[in-house]
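Colleague: What follows is work_29.cif; its format and atoms are mmCIF, C-alpha atoms.
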data_data
loop_
_atom_site.label_atom_id
_atom_site.label_comp_id
_atom_site.auth_asym_id
_atom_site.auth_seq_id
_atom_site.Cartn_x
_atom_site.Cartn_y
_atom_site.Cartn_z
CA MET A 1 29.14 -35.83 5.49
CA THR A 2 27.00 -36.68 8.51
CA LYS A 3 30.09 -36.70 10.72
CA GLY A 4 30.98 -33.21 9.56
CA PHE A 5 27.51 -31.98 10.36
CA VAL A 6 27.63 -33.51 13.82
CA GLN A 7 30.93 -31.77 14.52
CA GLU A 8 29.40 -28.47 13.46
CA LEU A 9 26.40 -29.06 15.70
CA GLU A 10 28.63 -29.75 18.66
CA ALA A 11 30.49 -26.53 17.99
CA THR A 12 27.31 -24.45 17.90
CA THR A 13 25.36 -26.12 20.71
CA GLY A 14 25.57 -24.03 23.82
CA SER A 15 24.98 -20.67 22.18
CA ALA A 16 21.71 -20.22 24.10
CA THR A 17 21.59 -18.18 27.27
CA SER A 18 21.91 -19.90 30.64
CA GLU A 19 18.21 -19.19 31.34
CA ALA A 20 17.14 -21.00 28.18
CA ARG A 21 19.74 -23.74 28.39
CA GLU A 22 17.83 -25.68 31.06
CA TRP A 23 15.23 -26.80 28.49
CA LEU A 24 16.69 -25.81 25.12
CA GLU A 25 20.11 -27.38 25.48
CA PRO A 26 18.85 -30.95 26.08
CA THR A 27 16.45 -30.54 23.16
CA ARG A 28 19.20 -29.51 20.79
CA ARG A 29 21.49 -32.25 22.06
CA ALA A 30 18.81 -34.91 21.57
CA ALA A 31 18.23 -33.66 18.04
CA MET A 32 21.94 -33.77 17.30
CA GLU A 33 22.11 -37.36 18.51
CA GLN A 34 19.04 -38.27 16.45
CA PHE A 35 20.62 -36.89 13.28
CA ALA A 36 23.92 -38.62 14.08
CA ARG A 37 22.06 -41.95 14.28
CA THR A 38 20.07 -41.57 11.07
CA GLY A 39 22.11 -39.29 8.82
CA PHE A 40 20.56 -38.07 5.60
CA PRO A 41 17.83 -40.24 4.04
CA SER A 42 18.72 -42.42 1.09
CA PRO A 43 16.73 -43.46 -2.02
CA ARG A 44 15.95 -46.69 -0.15
CA ASP A 45 13.75 -44.72 2.26
CA GLU A 46 10.20 -44.87 0.91
CA GLU A 47 9.41 -41.28 1.94
CA TRP A 48 12.47 -39.95 0.11
CA ARG A 49 12.93 -42.24 -2.88
CA PHE A 50 11.76 -39.59 -5.38
CA THR A 51 13.65 -36.72 -3.72
CA PRO A 52 17.18 -36.23 -5.11
CA ILE A 53 18.99 -35.00 -2.02
CA ALA A 54 22.49 -36.13 -3.07
CA PRO A 55 23.59 -32.53 -3.84
CA ILE A 56 22.70 -31.60 -0.26
CA ALA A 57 24.14 -34.67 1.44
CA GLN A 58 27.37 -34.62 -0.57
CA GLY A 59 27.85 -30.86 -0.51
CA THR A 60 29.97 -28.75 1.80
CA TRP A 61 27.90 -26.03 3.45
CA ARG A 62 29.07 -23.15 5.61
CA PRO A 63 26.75 -21.56 8.20
CA ALA A 64 24.88 -18.62 6.69
CA ALA A 65 25.87 -15.11 7.78
CA ALA A 66 24.16 -11.72 7.74
CA ASP A 67 24.50 -9.33 4.81
CA ALA A 68 24.30 -5.67 5.82
CA THR A 69 24.09 -4.43 2.23
CA VAL A 70 20.37 -5.24 1.84
CA SER A 71 18.08 -2.20 1.79
CA GLN A 72 14.36 -1.59 1.97
CA ARG A 73 14.43 -0.89 -1.76
CA ASP A 74 15.76 -4.42 -2.34
CA LEU A 75 12.78 -5.83 -0.47
CA ALA A 76 10.14 -3.83 -2.35
CA PRO A 77 9.36 -6.59 -4.90
CA PHE A 78 8.53 -9.04 -2.10
CA VAL A 79 6.20 -7.11 0.24
CA PHE A 80 3.04 -7.20 -1.94
CA GLY A 81 2.90 -3.42 -2.14
CA HIS A 82 2.35 -3.21 1.63
CA ALA A 83 5.49 -2.08 3.42
CA ASP A 84 3.12 -1.11 6.26
CA TRP A 85 2.37 -4.75 7.14
CA THR A 86 3.99 -6.20 10.22
CA THR A 87 7.06 -7.83 8.69
CA LEU A 88 9.99 -9.74 10.16
CA VAL A 89 12.94 -9.83 7.76
CA PHE A 90 15.70 -12.43 7.89
CA VAL A 91 18.72 -11.99 5.63
CA ASN A 92 20.55 -15.26 4.99
CA GLY A 93 18.74 -16.70 8.01
CA VAL A 94 19.75 -13.85 10.35
CA TYR A 95 17.12 -11.51 11.80
CA SER A 96 17.44 -7.89 10.67
CA ASP A 97 15.95 -5.39 13.09
CA SER A 98 16.60 -2.45 10.77
CA LEU A 99 14.66 -4.04 7.87
CA SER A 100 11.80 -5.38 9.98
CA ALA A 101 8.67 -3.42 10.83
CA ALA A 102 6.57 -4.42 13.83
CA GLY A 103 3.99 -1.68 13.37
CA ARG A 104 1.26 -1.08 15.93
CA LEU A 105 0.06 -4.40 17.23
CA PRO A 106 -2.91 -4.87 19.55
CA ALA A 107 -2.45 -6.04 23.11
CA GLY A 108 -1.86 -9.76 23.31
CA VAL A 109 0.10 -10.02 20.06
CA ARG A 110 3.80 -10.80 19.96
CA VAL A 111 5.88 -10.75 16.76
CA ALA A 112 9.62 -11.15 17.29
CA GLY A 113 12.73 -13.01 16.29
CA LEU A 114 13.35 -16.38 17.91
CA ALA A 115 16.64 -15.34 19.51
CA GLN A 116 14.93 -12.33 21.10
CA THR A 117 12.09 -14.49 22.37
CA ILE A 118 14.48 -16.97 23.95
CA LEU A 119 15.75 -14.07 26.08
CA ALA A 120 12.33 -12.52 26.76
CA ASP A 121 9.91 -15.42 27.19
CA GLY A 122 11.42 -18.85 27.50
CA ALA A 123 8.16 -20.12 28.99
CA LEU A 124 6.25 -19.61 25.72
CA LEU A 125 8.92 -21.43 23.76
CA GLU A 126 9.15 -24.24 26.28
CA ARG A 127 5.41 -24.87 25.88
CA HIS A 128 5.45 -24.94 22.09
CA LEU A 129 8.86 -24.87 20.41
CA THR A 130 9.88 -28.39 19.21
CA ARG A 131 6.67 -29.78 20.79
CA HIS A 132 4.77 -30.07 17.51
CA ALA A 133 7.36 -31.17 14.91
CA PRO A 134 8.98 -34.41 16.16
CA ILE A 135 12.67 -34.88 15.43
CA GLU A 136 11.97 -38.54 14.65
CA GLY A 137 9.82 -37.54 11.70
CA SER A 138 12.66 -36.46 9.44
CA PRO A 139 16.46 -36.14 9.61
CA PHE A 140 16.06 -32.61 8.25
CA THR A 141 13.79 -31.69 11.17
CA ALA A 142 16.32 -33.15 13.60
CA LEU A 143 19.08 -31.16 11.94
CA ASN A 144 17.03 -27.96 12.07
CA THR A 145 16.28 -28.52 15.77
CA ALA A 146 19.92 -29.17 16.56
CA MET A 147 20.89 -25.94 14.80
CA LEU A 148 17.98 -24.00 16.30
CA ARG A 149 18.95 -20.35 16.56
CA GLU A 150 16.75 -17.94 14.64
CA GLY A 151 13.37 -17.60 13.00
CA GLY A 152 10.04 -15.88 13.50
CA VAL A 153 7.80 -16.12 16.54
CA VAL A 154 4.15 -15.07 16.25
CA GLN A 155 1.73 -15.25 19.16
CA VAL A 156 -1.83 -13.96 18.79
CA GLY A 157 -3.64 -13.79 22.11
CA ALA A 158 -7.04 -15.23 22.91
CA GLY A 159 -9.92 -13.49 21.20
CA VAL A 160 -7.74 -11.12 19.15
CA ASP A 161 -8.90 -10.53 15.57
CA LEU A 162 -5.73 -9.36 13.85
CA ALA A 163 -6.69 -6.79 11.23
CA GLY A 164 -3.56 -7.02 9.06
CA PRO A 165 -1.38 -9.96 8.04
CA ILE A 166 1.99 -10.83 9.54
CA HIS A 167 4.78 -11.49 7.05
CA LEU A 168 7.87 -13.60 7.76
CA LEU A 169 10.28 -12.75 4.94
CA PHE A 170 13.43 -14.82 4.44
CA VAL A 171 15.83 -13.27 1.92
CA SER A 172 18.96 -14.88 0.49
CA THR A 173 21.67 -12.73 -1.08
CA GLY A 174 24.84 -13.34 -3.04
CA ALA A 175 26.65 -13.79 0.28
CA ALA A 176 24.57 -16.94 0.86
CA ALA A 177 26.44 -18.86 -1.86
CA GLY A 178 27.65 -22.18 -0.46
CA THR A 179 25.87 -21.72 2.88
CA VAL A 180 23.01 -23.34 4.78
CA ALA A 181 20.38 -21.61 6.92
CA HIS A 182 18.03 -23.37 9.35
CA PRO A 183 15.06 -21.02 9.98
CA ARG A 184 12.76 -22.14 12.80
CA ASN A 185 9.35 -20.50 13.05
CA LEU A 186 6.71 -20.77 15.75
CA ILE A 187 3.13 -19.56 15.22
CA VAL A 188 0.75 -19.74 18.18
CA ILE A 189 -2.86 -18.66 17.65
CA GLU A 190 -4.71 -18.71 20.97
CA ARG A 191 -8.36 -19.56 21.66
CA GLY A 192 -10.84 -17.71 19.46
CA ALA A 193 -8.18 -15.58 17.73
CA ARG A 194 -7.99 -14.85 13.99
CA ALA A 195 -4.79 -14.24 12.02
CA SER A 196 -3.28 -14.31 8.55
CA ILE A 197 0.36 -15.34 8.20
CA VAL A 198 2.53 -15.06 5.09
CA GLU A 199 5.82 -16.96 5.01
CA SER A 200 8.11 -16.09 2.06
CA TYR A 201 11.46 -17.49 0.93
CA VAL A 202 12.97 -15.30 -1.79
CA THR A 203 16.33 -14.45 -3.31
CA LEU A 204 18.25 -11.39 -4.43
CA ALA A 205 20.82 -13.63 -6.13
CA PRO A 206 18.99 -15.86 -8.64
CA GLY A 207 22.19 -17.49 -9.86
CA GLU A 208 23.57 -18.65 -6.49
CA SER A 209 23.55 -22.11 -4.94
CA TYR A 210 22.69 -22.38 -1.23
CA TRP A 211 20.51 -24.49 1.03
CA THR A 212 17.53 -23.53 3.18
CA ASN A 213 16.31 -26.05 5.76
CA ALA A 214 13.19 -24.56 7.35
CA VAL A 215 10.74 -25.80 9.99
CA THR A 216 7.51 -24.02 10.97
CA GLU A 217 5.34 -25.15 13.88
CA VAL A 218 1.76 -23.88 14.04
CA ALA A 219 -0.45 -24.28 17.12
CA VAL A 220 -4.12 -23.43 16.50
CA ALA A 221 -6.16 -23.32 19.70
CA ALA A 222 -9.87 -24.00 20.11
CA GLY A 223 -12.09 -21.80 17.98
CA ALA A 224 -9.14 -20.07 16.29
CA TRP A 225 -8.97 -19.18 12.58
CA VAL A 226 -5.72 -19.07 10.57
CA GLU A 227 -4.83 -18.42 6.95
CA HIS A 228 -1.26 -19.44 6.21
CA THR A 229 0.37 -18.65 2.85
CA ARG A 230 3.79 -20.13 2.12
CA ILE A 231 5.75 -18.88 -0.91
CA GLN A 232 8.99 -20.47 -2.09
CA ARG A 233 10.81 -18.37 -4.72
CA GLU A 234 14.42 -19.38 -4.09
CA SER A 235 17.24 -19.23 -6.61
CA GLU A 236 16.81 -21.91 -9.26
CA ARG A 237 20.26 -23.19 -8.32
CA ALA A 238 19.41 -23.44 -4.62
CA TYR A 239 18.00 -26.25 -2.48
CA HIS A 240 15.01 -25.89 -0.20
CA VAL A 241 13.72 -28.41 2.34
CA GLY A 242 10.84 -27.38 4.57
CA LEU A 243 8.42 -28.82 7.09
CA THR A 244 5.21 -27.21 8.29
CA HIS A 245 3.55 -29.02 11.18
CA VAL A 246 0.12 -27.86 12.37
CA ASP A 247 -1.78 -28.92 15.48
CA GLN A 248 -5.46 -27.94 15.54
CA GLN A 249 -7.84 -27.97 18.49
CA ARG A 250 -11.64 -28.10 18.69
CA ASP A 251 -13.72 -25.85 16.39
CA SER A 252 -10.61 -24.38 14.74
CA HIS A 253 -10.08 -23.51 11.07
CA TYR A 254 -6.74 -23.72 9.23
CA ARG A 255 -6.45 -22.67 5.60
CA SER A 256 -3.14 -22.94 3.76
CA PHE A 257 -1.78 -22.14 0.33
CA SER A 258 1.69 -23.21 -0.78
CA LEU A 259 3.51 -22.02 -3.89
CA ALA A 260 6.77 -23.59 -5.11
CA MET A 261 8.42 -21.87 -8.07
CA GLY A 262 12.09 -21.69 -7.17
CA ALA A 263 15.01 -23.95 -6.21
CA ALA A 264 16.78 -26.60 -8.23
CA MET A 265 15.28 -29.08 -5.77
CA SER A 266 12.55 -28.26 -3.28
CA ARG A 267 10.77 -30.47 -0.80
CA HIS A 268 7.92 -29.34 1.45
CA ASN A 269 6.20 -31.53 4.00
CA LEU A 270 2.88 -30.21 5.32
CA HIS A 271 1.47 -32.21 8.22
CA VAL A 272 -1.79 -31.27 9.94
CA ARG A 273 -3.14 -33.07 12.99
CA LEU A 274 -6.84 -32.68 13.88
CA ASN A 275 -6.82 -33.25 17.63
CA ASP A 276 -10.49 -32.72 18.50
CA GLU A 277 -13.99 -32.52 17.04
CA ASN A 278 -15.47 -30.04 14.55
CA ILE A 279 -12.18 -29.00 12.94
CA GLU A 280 -11.86 -27.75 9.37
CA THR A 281 -8.65 -27.92 7.33
CA LEU A 282 -8.30 -26.51 3.80
CA MET A 283 -5.05 -27.04 1.90
CA TYR A 284 -4.30 -25.63 -1.55
CA GLY A 285 -1.02 -25.66 -3.44
CA LEU A 286 0.68 -24.99 -6.75
CA TYR A 287 4.11 -26.01 -8.03
CA VAL A 288 5.43 -24.53 -11.28
CA THR A 289 8.69 -25.95 -12.62
CA ARG A 290 10.92 -25.63 -15.67
CA GLY A 291 14.38 -26.65 -16.82
CA ASP A 292 15.68 -29.41 -14.55
CA GLN A 293 13.84 -28.30 -11.43
CA VAL A 294 12.37 -30.83 -8.99
CA ALA A 295 9.42 -29.86 -6.77
CA ASP A 296 8.42 -32.45 -4.17
CA THR A 297 5.32 -32.05 -1.99
CA HIS A 298 4.38 -34.44 0.81
CA THR A 299 1.22 -33.81 2.80
CA ALA A 300 -0.36 -35.70 5.68
CA ILE A 301 -3.71 -34.99 7.34
CA TYR A 302 -4.29 -36.89 10.58
CA HIS A 303 -7.98 -37.27 11.41
CA ASP A 304 -7.71 -38.32 15.04
CA GLN A 305 -11.21 -37.33 16.20
CA PRO A 306 -14.79 -37.50 14.81
CA ASN A 307 -16.83 -34.88 12.94
CA CYS A 308 -13.97 -33.13 11.15
CA ARG A 309 -13.53 -31.96 7.57
CA SER A 310 -10.50 -31.64 5.32
CA TRP A 311 -10.23 -30.46 1.72
CA GLU A 312 -6.99 -30.63 -0.26
CA VAL A 313 -6.28 -29.49 -3.84
CA TYR A 314 -2.74 -29.35 -5.25
CA LYS A 315 -1.83 -28.60 -8.85
CA GLY A 316 1.40 -28.80 -10.83
CA ILE A 317 2.54 -27.17 -14.09
CA LEU A 318 5.73 -28.71 -15.44
CA ASP A 319 7.88 -27.72 -18.40
CA GLY A 320 11.30 -28.65 -19.80
CA ARG A 321 12.89 -31.68 -18.15
CA SER A 322 11.46 -30.79 -14.75
CA ARG A 323 9.89 -33.21 -12.32
CA GLY A 324 7.07 -33.00 -9.82
CA VAL A 325 6.33 -35.27 -6.89
CA PHE A 326 3.11 -35.32 -4.92
CA ASN A 327 2.52 -37.71 -2.02
CA GLY A 328 -0.64 -36.97 -0.08
CA LYS A 329 -1.89 -39.00 2.87
CA VAL A 330 -5.19 -38.84 4.72
CA LEU A 331 -5.16 -41.01 7.84
CA VAL A 332 -8.46 -41.66 9.64
CA LYS A 333 -8.36 -43.35 13.06
CA PRO A 334 -11.07 -45.80 14.18
CA GLU A 335 -12.60 -43.21 16.52
CA ALA A 336 -12.74 -40.53 13.79
CA GLN A 337 -16.29 -41.31 12.66
CA LYS A 338 -18.18 -38.80 10.47
CA THR A 339 -14.93 -37.69 8.84
CA ASP A 340 -15.36 -35.81 5.54
CA ALA A 341 -12.09 -35.72 3.59
CA LYS A 342 -11.37 -34.93 -0.06
CA GLN A 343 -7.98 -34.91 -1.76
CA THR A 344 -7.14 -33.97 -5.36
CA ASN A 345 -3.87 -33.68 -7.27
CA ARG A 346 -3.90 -32.49 -10.90
CA ASN A 347 -0.83 -32.03 -13.10
CA LEU A 348 -0.31 -30.35 -16.46
CA LEU A 349 2.69 -31.33 -18.58
CA LEU A 350 3.89 -28.69 -21.04
CA SER A 351 6.80 -30.77 -22.34
CA ASP A 352 7.32 -34.33 -23.53
CA LEU A 353 10.25 -34.60 -21.11
CA ALA A 354 8.47 -33.35 -17.97
CA ARG A 355 7.48 -35.99 -15.43
CA VAL A 356 5.24 -36.35 -12.38
CA ASP A 357 5.12 -39.02 -9.69
CA THR A 358 1.83 -38.71 -7.82
CA LYS A 359 0.60 -40.92 -5.00
CA PRO A 360 -2.58 -39.88 -3.19
CA GLN A 361 -3.37 -42.18 -0.28
CA LEU A 362 -6.29 -42.85 2.07
CA ASP A 363 -5.69 -44.91 5.21
CA ILE A 364 -9.15 -45.31 6.74
CA PHE A 365 -9.90 -47.28 9.90
CA ALA A 366 -13.40 -45.88 10.53
CA ASP A 367 -16.57 -47.08 8.78
CA ASP A 368 -18.85 -44.01 8.86
CA VAL A 369 -16.85 -41.58 6.69
CA LYS A 370 -16.95 -39.74 3.36
CA CYS A 371 -13.44 -39.83 1.90
CA THR A 372 -12.36 -39.45 -1.73
CA HIS A 373 -9.09 -38.91 -3.55
CA GLY A 374 -7.87 -38.66 -7.11
CA ALA A 375 -4.95 -37.67 -9.30
CA THR A 376 -4.54 -36.74 -12.96
CA VAL A 377 -1.53 -36.17 -15.22
CA GLY A 378 -2.07 -34.86 -18.72
CA ARG A 379 -1.67 -32.17 -21.34
CA LEU A 380 -3.81 -29.30 -22.51
CA ASP A 381 -7.17 -30.41 -23.82
CA ASP A 382 -7.28 -30.30 -27.61
CA ASN A 383 -10.95 -29.28 -27.66
CA ALA A 384 -10.26 -26.35 -25.35
CA ARG A 385 -7.29 -25.31 -27.49
CA PHE A 386 -9.41 -25.48 -30.64
CA TYR A 387 -12.13 -23.38 -29.02
CA ALA A 388 -9.62 -20.71 -27.91
CA ARG A 389 -8.03 -20.56 -31.36
CA SER A 390 -11.44 -20.36 -33.03
CA ARG A 391 -11.95 -17.13 -31.09
CA GLY A 392 -8.92 -15.59 -32.80
CA LEU A 393 -6.15 -16.37 -30.32
CA PRO A 394 -2.75 -17.42 -31.73
CA ALA A 395 -1.72 -20.94 -30.73
CA ALA A 396 0.92 -19.85 -28.18
CA ALA A 397 -1.42 -17.32 -26.55
CA ALA A 398 -4.22 -19.88 -26.39
CA ASP A 399 -1.95 -22.37 -24.62
CA ARG A 400 -0.79 -19.75 -22.13
CA LEU A 401 -4.38 -18.72 -21.42
CA LEU A 402 -5.49 -22.29 -20.76
CA THR A 403 -2.44 -22.96 -18.60
CA TYR A 404 -3.07 -19.81 -16.59
CA ALA A 405 -6.71 -20.81 -16.08
CA PHE A 406 -5.54 -24.18 -14.77
CA ALA A 407 -3.35 -22.45 -12.17
CA ALA A 408 -5.86 -19.72 -11.31
CA GLU A 409 -8.28 -22.25 -9.87
CA VAL A 410 -6.04 -22.71 -6.82
CA VAL A 411 -4.44 -19.24 -6.74
CA ASP A 412 -7.94 -17.79 -6.39
CA GLU A 413 -8.21 -19.57 -3.04
CA VAL A 414 -5.74 -17.12 -1.46
CA ALA A 415 -7.96 -14.86 0.65
CA LEU A 416 -5.55 -11.92 0.97
CA LEU A 417 -6.16 -9.77 -2.12
CA PRO A 418 -2.66 -8.20 -2.42
CA VAL A 419 -1.03 -11.61 -2.06
CA ARG A 420 -3.43 -13.21 -4.52
CA GLN A 421 -2.80 -10.46 -7.08
CA GLU A 422 0.99 -10.82 -6.75
CA LEU A 423 0.87 -14.61 -7.06
CA ASP A 424 -1.37 -14.20 -10.08
CA ARG A 425 1.25 -11.87 -11.62
CA LEU A 426 4.07 -14.31 -10.84
CA VAL A 427 2.28 -17.18 -12.55
CA LEU A 428 1.53 -15.03 -15.60
CA GLU A 429 5.16 -13.92 -15.75
CA ARG A 430 6.39 -17.52 -15.53
CA LEU A 431 4.06 -18.50 -18.36
CA GLY A 432 5.40 -15.71 -20.57
CA GLY A 433 2.47 -13.32 -20.23
CA LEU A 434 -0.79 -13.31 -22.13
#
Kindly return the structure encoded in the file as C-alpha cells.

Modeller:
Amino acid sequence: MTKGFVQELEATTGSATSEAREWLEPTRRAAMEQFARTGFPSPRDEEWRFTPIAPIAQGTWRPAAADATVSQRDLAPFVFGHADWTTLVFVNGVYSDSLSAAGRLPAGVRVAGLAQTILADGALLERHLTRHAPIEGSPFTALNTAMLREGGVVQVGAGVDLAGPIHLLFVSTGAAAGTVAHPRNLIVIERGARASIVESYVTLAPGESYWTNAVTEVAVAAGAWVEHTRIQRESERAYHVGLTHVDQQRDSHYRSFSLAMGAAMSRHNLHVRLNDENIETLMYGLYVTRGDQVADTHTAIYHDQPNCRSWEVYKGILDGRSRGVFNGKVLVKPEAQKTDAKQTNRNLLLSDLARVDTKPQLDIFADDVKCTHGATVGRLDDNARFYARSRGLPAAAADRLLTYAFAAEVVDEVALLPVRQELDRLVLERLGGL
C-alpha cells in the first residue's frame, strides 16, 4: 500500500507553479521520501497502538474531486446561522469560490485558498507553511505535506482585532466515496492581533466511506490572542486523521475547543509549543461516540520557557461498543521554571461494552513548578440519578440530563455564542433530546 501511495505522490508532485517550485517542490519531495521510508504506523508503534488504522492502510483510495452540485442551501446546517461570516468552503477537499464568502475584511487580513496563495504570496507560505508541523512527527503529516495542494490560509495582521470569526468549512459529499483528501491549513496571527477561527469537517453523505487527512499549522505571534474551534462531524463510515500544531510566542493566548462526533475512526493530534515567557494555553475537548466508533485524541503541550500556564480539560461520552483513547502529555524543560500546568481527562460510559484507554502524562525536568494531572472513567452517579428521579424525572430523561450536564461543562467554554449554541444542540440531539 505504501508503494502505491508513493507512486501517486510522484505523479502529483510538480503541480505547483514554477515560482513556488523553488521552495515547495523540495519540501514535497522530502515529505514523499519520508513517507516512503516509514510507511503507515503499525500497532507496534507506541503512539499508534490504540489507533486502528488498518482500514486506511489496507484500503484503496482515489484522490478526491470537486462536486459542483453543492448549493448554499446544503451548507445552511453548518454555518451556525451566520452566512455573513467570512467562510472558505472546500468540497471534497477542493476550494469552491462560488460557495465561499470573504466579506469585508479590514486591511492587513488575508483569507484565501492555499492554491491561490501559492500564486499570490509565496513569501508568506515559505516563512510558515510546513515550518511548524514536522514531517518526522507522523507518517500522516508527511503524506499530507507530500500531497500539499489545497486548504485555507488565514493571516491577521499586526494589531488587528478581527470583529467576526473566520470559518474554514470542509464538506464531503456522496462523490467522496472511496476517496482521500489532504487539506492543509495555515493560520498566522501577527503581533498583538486577535482572531477567532472555526474549522469544521462535515458531511452531506452520512453513509459514505472516505478518508480525510488534515494538517493545520497555527503561528501565534507575541501578544496575539486566538480562539480556535475544531469540529469533526464526518460520516460515521469515514476515517479522519488530523494534526493541529501551534507555535506561541511571548505574551500570547491560545484557546482551543475540539469536538469529535463523526467518523468510524478519528484521530486528532493537538500539539502546542510555548516558545517564550508569559504564554497562556487553554485546551478543551469533547468526544461523543456510539456504535463501533473509535475516537482517539493525542495532545502534547511543550513548556519550553519559564512563567507560562496551560490548562487542559477533555471529556468523553461513550455508548454502544465504541472506544475512546486519550493520551495527553505535558513536557516541561529544565529552564521552564514557574510553569503552571493542569491536565484533566474524564470519561462517562453509557454502555457495558464501551471502553476508554486514557494515559495522562507529565514529563517534568524543572523543580519550581505547579503541575497536576488526572483521569477518570466511570458511569453516571447513582446518587445524582436518584436525586433527579426524586424530582419527578423519568429514568431515561434523568440519565440524559445528567449526561448533558457532564458534556456542557466543556461546551460552555466555547466563547462564540452561535457556535456554542449549535454544539449544545448537537450534543442534545446525540443524546436523544431532553

Colleague: Residues within 7 Å of range 343-356 of chain A, please, as a PyMOL selection string. Count only C-alpha atoms; anything in the same chain fewer than 3 positions from it doesn't count.

Modeller: chain A and resi 311-325+372-379

Colleague: Please write the residues from the selection above to a file, keeping C-alpha atoms, as a PDB file, keeping the file's coordinate frame.

Modeller:
ATOM      1  CA  TRP A 311     -10.230 -30.460   1.720  1.00  0.00           C
ATOM      2  CA  GLU A 312      -6.990 -30.630  -0.260  1.00  0.00           C
ATOM      3  CA  VAL A 313      -6.280 -29.490  -3.840  1.00  0.00           C
ATOM      4  CA  TYR A 314      -2.740 -29.350  -5.250  1.00  0.00           C
ATOM      5  CA  LYS A 315      -1.830 -28.600  -8.850  1.00  0.00           C
ATOM      6  CA  GLY A 316       1.400 -28.800 -10.830  1.00  0.00           C
ATOM      7  CA  ILE A 317       2.540 -27.170 -14.090  1.00  0.00           C
ATOM      8  CA  LEU A 318       5.730 -28.710 -15.440  1.00  0.00           C
ATOM      9  CA  ASP A 319       7.880 -27.720 -18.400  1.00  0.00           C
ATOM     10  CA  GLY A 320      11.300 -28.650 -19.800  1.00  0.00           C
ATOM     11  CA  ARG A 321      12.890 -31.680 -18.150  1.00  0.00           C
ATOM     12  CA  SER A 322      11.460 -30.790 -14.750  1.00  0.00           C
ATOM     13  CA  ARG A 323       9.890 -33.210 -12.320  1.00  0.00           C
ATOM     14  CA  GLY A 324       7.070 -33.000  -9.820  1.00  0.00           C
ATOM     15  CA  VAL A 325       6.330 -35.270  -6.890  1.00  0.00           C
ATOM     16  CA  THR A 372     -12.360 -39.450  -1.730  1.00  0.00           C
ATOM     17  CA  HIS A 373      -9.090 -38.910  -3.550  1.00  0.00           C
ATOM     18  CA  GLY A 374      -7.870 -38.660  -7.110  1.00  0.00           C
ATOM     19  CA  ALA A 375      -4.950 -37.670  -9.300  1.00  0.00           C
ATOM     20  CA  THR A 376      -4.540 -36.740 -12.960  1.00  0.00           C
ATOM     21  CA  VAL A 377      -1.530 -36.170 -15.220  1.00  0.00           C
ATOM     22  CA  GLY A 378      -2.070 -34.860 -18.720  1.00  0.00           C
ATOM     23  CA  ARG A 379      -1.670 -32.170 -21.340  1.00  0.00           C
TER      24      ARG A 379
END

Colleague: Assuming the chain letters and numbering stay as they are in my file, what does the PyMOL selection byres ((chain A and resi 237-252) around 9) actually select? List them as an MDAnalysis selection string.

Modeller: chainID A and resid 53 55:56 132:133 140:141 177 191:192 206:226 232 234:236 253:254 262:281 293 308

Colleague: To one decimal place, how far is CA of Trp85 in chain A from CA of Leu186 in chain A in Å?

Modeller: 18.7 Å

Colleague: Can you list, as a PDB file with C-alpha atoms, in the coordinates of the input, the residues that the PyMOL selection byres ((chain A and resi 418-427) around 8) selects here?

Modeller:
ATOM      1  CA  PHE A  80       3.040  -7.200  -1.940  1.00  0.00           C
ATOM      2  CA  GLY A  81       2.900  -3.420  -2.140  1.00  0.00           C
ATOM      3  CA  TYR A 404      -3.070 -19.810 -16.590  1.00  0.00           C
ATOM      4  CA  ALA A 407      -3.350 -22.450 -12.170  1.00  0.00           C
ATOM      5  CA  ALA A 408      -5.860 -19.720 -11.310  1.00  0.00           C
ATOM      6  CA  VAL A 411      -4.440 -19.240  -6.740  1.00  0.00           C
ATOM      7  CA  ASP A 412      -7.940 -17.790  -6.390  1.00  0.00           C
ATOM      8  CA  VAL A 414      -5.740 -17.120  -1.460  1.00  0.00           C
ATOM      9  CA  ALA A 415      -7.960 -14.860   0.650  1.00  0.00           C
ATOM     10  CA  LEU A 416      -5.550 -11.920   0.970  1.00  0.00           C
ATOM     11  CA  LEU A 417      -6.160  -9.770  -2.120  1.00  0.00           C
ATOM     12  CA  LEU A 428       1.530 -15.030 -15.600  1.00  0.00           C
ATOM     13  CA  GLU A 429       5.160 -13.920 -15.750  1.00  0.00           C
ATOM     14  CA  ARG A 430       6.390 -17.520 -15.530  1.00  0.00           C
ATOM     15  CA  LEU A 431       4.060 -18.500 -18.360  1.00  0.00           C
TER      16      LEU A 431
END

Colleague: When you count only C-alpha atoms, which of these residues is closest to Leu169 in chain A: A:Arg309, A:Arg230, A:Arg29, A:Lys370?

Modeller: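 Closest residue, counting only C-alpha atoms: A:Arg230.
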
Colleague: Since the input is missing atoms, can you rebuild N, CA, C and O atoms for range 283-287 of chain A and write them as a PDB file, in the coordinates of the input?

Modeller:
ATOM      1  N   MET A 283      -6.430 -27.101   2.360  1.00  0.00           N
ATOM      2  CA  MET A 283      -5.050 -27.040   1.900  1.00  0.00           C
ATOM      3  C   MET A 283      -5.019 -26.939   0.377  1.00  0.00           C
ATOM      4  O   MET A 283      -5.524 -27.820  -0.318  1.00  0.00           O
ATOM      5  N   TYR A 284      -4.427 -25.854  -0.113  1.00  0.00           N
ATOM      6  CA  TYR A 284      -4.300 -25.630  -1.550  1.00  0.00           C
ATOM      7  C   TYR A 284      -2.819 -25.436  -1.873  1.00  0.00           C
ATOM      8  O   TYR A 284      -2.062 -24.896  -1.058  1.00  0.00           O
ATOM      9  N   GLY A 285      -2.423 -25.829  -3.076  1.00  0.00           N
ATOM     10  CA  GLY A 285      -1.020 -25.660  -3.440  1.00  0.00           C
ATOM     11  C   GLY A 285      -0.814 -25.671  -4.935  1.00  0.00           C
ATOM     12  O   GLY A 285      -1.640 -26.186  -5.703  1.00  0.00           O
ATOM     13  N   LEU A 286       0.303 -25.052  -5.342  1.00  0.00           N
ATOM     14  CA  LEU A 286       0.680 -24.990  -6.750  1.00  0.00           C
ATOM     15  C   LEU A 286       2.182 -25.079  -6.854  1.00  0.00           C
ATOM     16  O   LEU A 286       2.901 -24.368  -6.143  1.00  0.00           O
ATOM     17  N   TYR A 287       2.679 -25.968  -7.722  1.00  0.00           N
ATOM     18  CA  TYR A 287       4.110 -26.010  -8.030  1.00  0.00           C
ATOM     19  C   TYR A 287       4.269 -25.805  -9.528  1.00  0.00           C
ATOM     20  O   TYR A 287       3.570 -26.405 -10.350  1.00  0.00           O
TER      21      TYR A 287
END
